[in-house]
Amino acid sequence: MERVLLKNIDNPDSADIGEYEKIGGYSNLLKALEMQPKEIIEEVKKSGLRGRGGAGFPTGMKWAFASADAKFPKYLLCNADEGEPGTFKDRPVLEKNPHLLIEGMIISAYAIGAEYSYIYLRGEYPLANHILNKAIAQAKEKGYLGDNIFGKGFKLHLSVHQGAGAYICGEETALIESIEGHRGQPRIKPPFPVNVGAWKMPTVINNVETLSNVPYIIQIGSDAYSKTGSKDCPGPKLYCISGHVERPGVYELPMGTVLRDIIYKHAGGIKGGKKLKAVIPGGISTPVLRADNIDCPMDFMSMPKFGSMLGSGAIIVMDESVCMVKVLYRAMKFFEHESCGKCTPCREGTGWLSSIVRRIENGTGKEEDINVLLDVSGNMSGKTFCPLGDGAATVAMSMVKNFREEFEEHINNYGSLLTVHS
């Protein structure tokens, strides 16, 4: 498949607006400005584009909800808070193809009637912050941003807002709270941001990769776009792969590419010729898969049939040397640390999960601990303000389901494990 999202990134000057224009950059914006906003929304709807941040919600439907709301002003927010462990797929776009994102945001803002837009950027991406601000200044100078863009009576003002390192701010309502200057904690939904979002106005929040797909839809049309990738989840997809593979990195492939092919064909297989043990397919908050369960198309509709989720498309590969109890402990420490503390099931539950797994990992676990782990997870699921608590619970349950024998081994034969690993 020809590169779309990562096009031209091998050019060392790819972040410059002149280089972007040489390969047709901003021509799709000019094409979009000749269309009516409702026409663009219908094109995005017909394209089948789904949000690439993890939820997979139909993008055009979200836009239509916000567009139909009579309140003004409207806001478009780009979620560039890439804090999910294992996820780095948006970084090449932010650092090497920023004008693709900006062009996508301008088209999207025009479609929904937004006049103000923010890129909420992960605080740990200082280089991206510098590059984005330079790119925004270049776009302003060229007349792609500002008041009365190309005489169409449309204005858009775009700014970068840096986060401060909180994972919770990747959740859309916590992101809004942070942009407004409040503590980054999620809101109760409904009402949803499309009607009551930033400053209580209609707000669309899309991920970097989602917005970067928009110029391509305008370029080739919804019919052609809908025929790329998988039937229910069309388009190109950025998959980032890390862990025990020969060629870790970010790969742009058709949505629905089989996980086994991503690991063995594109990423070169397991490092050092070792055996595959487990894969976390969509970032740390998605259920783990065993090595015999990786013939799954990597899209939003297929992954649940294999007991997991696509999530952000961040693939973490683990070979036969990995202790799954230790992996779960590291994950639970992360969720405990990143819980915002607003709701009791997540605030207390993540701490309990972390403590139980630490006990098992340290060799002081009891036989009943595994069932207590499952019980706590069950009491968290579906009872939290946002998906952070659900993610922690789901990961714990999937680890026990797929690798229960390792947890039992830690409890019953910890001494022999120490001998093996010494």
# chains A, B, ... in the order shown; residues from 1 in each chain; ligands from 1
call {"tool": "residues_around", "arguments": {"residues": "Gly221 in chain A", "least_positions_apart": "2", "cutoff": "12 Å", "atoms": "only C-alpha atoms", "output": "VMD selection string"}}
result
chain A and resid 28 31 to 32 39 to 40 42 to 49 213 to 219 223 to 228 235
call {"tool": "residues_around", "arguments": {"residues": "His266 in chain A", "least_positions_apart": "4", "cutoff": "12 Å", "atoms": "only C-alpha atoms", "output": "VMD selection string"}}
result
chain A and resid 239 to 241 245 to 253 257 to 262 270
call {"tool": "atom_distance", "arguments": {"atom1": "CA of Ser230 in chain A", "atom2": "CA of Gly256 in chain A"}}
result
5.2 Å
call {"tool": "residues_around", "arguments": {"residues": "range 400-402 of chain A", "least_positions_apart": "2", "cutoff": "9 Å", "atoms": "only C-alpha atoms", "output": "VMD selection string"}}
result
chain A and resid 288 to 290 325 370 373 to 374 395 to 398 404 to 407
call {"tool": "select_by_dssp", "arguments": {"residues": "range 160-359 of chain A", "states": "strand (DSSP E or B)", "output": "JSON, numbers by chain"}}
result
{"A": [160, 161, 162, 203, 204, 205, 206, 207, 229, 234, 236, 237, 238, 239, 240, 241, 242, 243, 245, 249, 250, 251, 252, 253, 254, 258, 270, 276, 277, 278, 279, 280, 289, 290, 297, 314, 315, 316, 317, 318, 319]}
call {"tool": "atom_distance", "arguments": {"atom1": "CA of Cys169 in chain A", "atom2": "CA of Pro186 in chain A"}}
result
8.1 Å
call {"tool": "residues_around", "arguments": {"residues": "range 91-102 of chain A", "least_positions_apart": "6", "cutoff": "7 Å", "atoms": "only C-alpha atoms", "output": "list in words"}}
result
Leu6, Ile9, Ser14, Ala15, Ile17, Tyr20, Ala128, Ile131, Leu132, Ala135, Val208, Leu211 and Ser212 of chain A
call {"tool": "closest_residue", "arguments": {"among": "A:Phe154, A:Tyr125, A:Tyr26, A:Phe335", "to": "Gly389 in chain A", "atoms": "only C-alpha atoms"}}
result
A:Phe335
call {"tool": "closest_residue", "arguments": {"among": "A:His244, A:Gln138, A:Pro126, A:Gly86", "to": "Gly18 in chain A", "atoms": "only C-alpha atoms"}}
result
A:Gln138
call {"tool": "atom_distance", "arguments": {"atom1": "CA of Glu368 in chain A", "atom2": "CA of Ala392 in chain A"}}
result
19.9 Å
call {"tool": "residues_around", "arguments": {"residues": "Gly170 in chain A", "least_positions_apart": "2", "cutoff": "6 Å", "atoms": "only C-alpha atoms", "output": "ChimeraX atom specification"}}
result
/A:81,167-168
call {"tool": "select_by_dssp", "arguments": {"residues": "range 29-154 of chain A", "states": "helix (DSSP H, G or I)", "output": "VMD selection string"}}
result
chain A and resid 29 to 33 37 to 47 59 to 68 91 to 96 98 to 112 126 to 141 149 to 151
call {"tool": "closest_residue", "arguments": {"among": "A:Ala139, A:Cys343, A:Met255, A:Ala267", "to": "Pro234 in chain A", "atoms": "only C-alpha atoms"}}
result
A:Met255
call {"tool": "closest_atom_pairs", "arguments": {"of": "range 12-46 of chain A", "to": "range 108-120 of chain A", "cutoff": "8 Å", "atoms": "only C-alpha atoms", "output": "JSON lines"}}
result
{"residue": "A:Leu33", "atom": "CA", "partner": "A:Tyr110", "partner_atom": "CA", "distance": 7.8}
{"residue": "A:Gln36", "atom": "CA", "partner": "A:Ala111", "partner_atom": "CA", "distance": 7.7}
{"residue": "A:Pro37", "atom": "CA", "partner": "A:Ala111", "partner_atom": "CA", "distance": 4.1}
{"residue": "A:Lys38", "atom": "CA", "partner": "A:Ala111", "partner_atom": "CA", "distance": 6.5}
{"residue": "A:Ile40", "atom": "CA", "partner": "A:Ala111", "partner_atom": "CA", "distance": 6.0}
{"residue": "A:Ile41", "atom": "CA", "partner": "A:Ala111", "partner_atom": "CA", "distance": 6.2}
call {"tool": "residues_around", "arguments": {"residues": "Met318 in chain A", "least_positions_apart": "6", "cutoff": "9 Å", "atoms": "only C-alpha atoms", "output": "list of chain:residue names"}}
result
A:Gly243, A:His244, A:Val245, A:Ile270, A:Lys275, A:Leu276, A:Lys277, A:Ala278, A:Val279, A:Ile280
call {"tool": "closest_residue", "arguments": {"among": "A:Ser377, A:Ser222, A:Asn11, A:Ser355", "to": "Thr394 in chain A", "atoms": "only C-alpha atoms"}}
result
A:Ser377
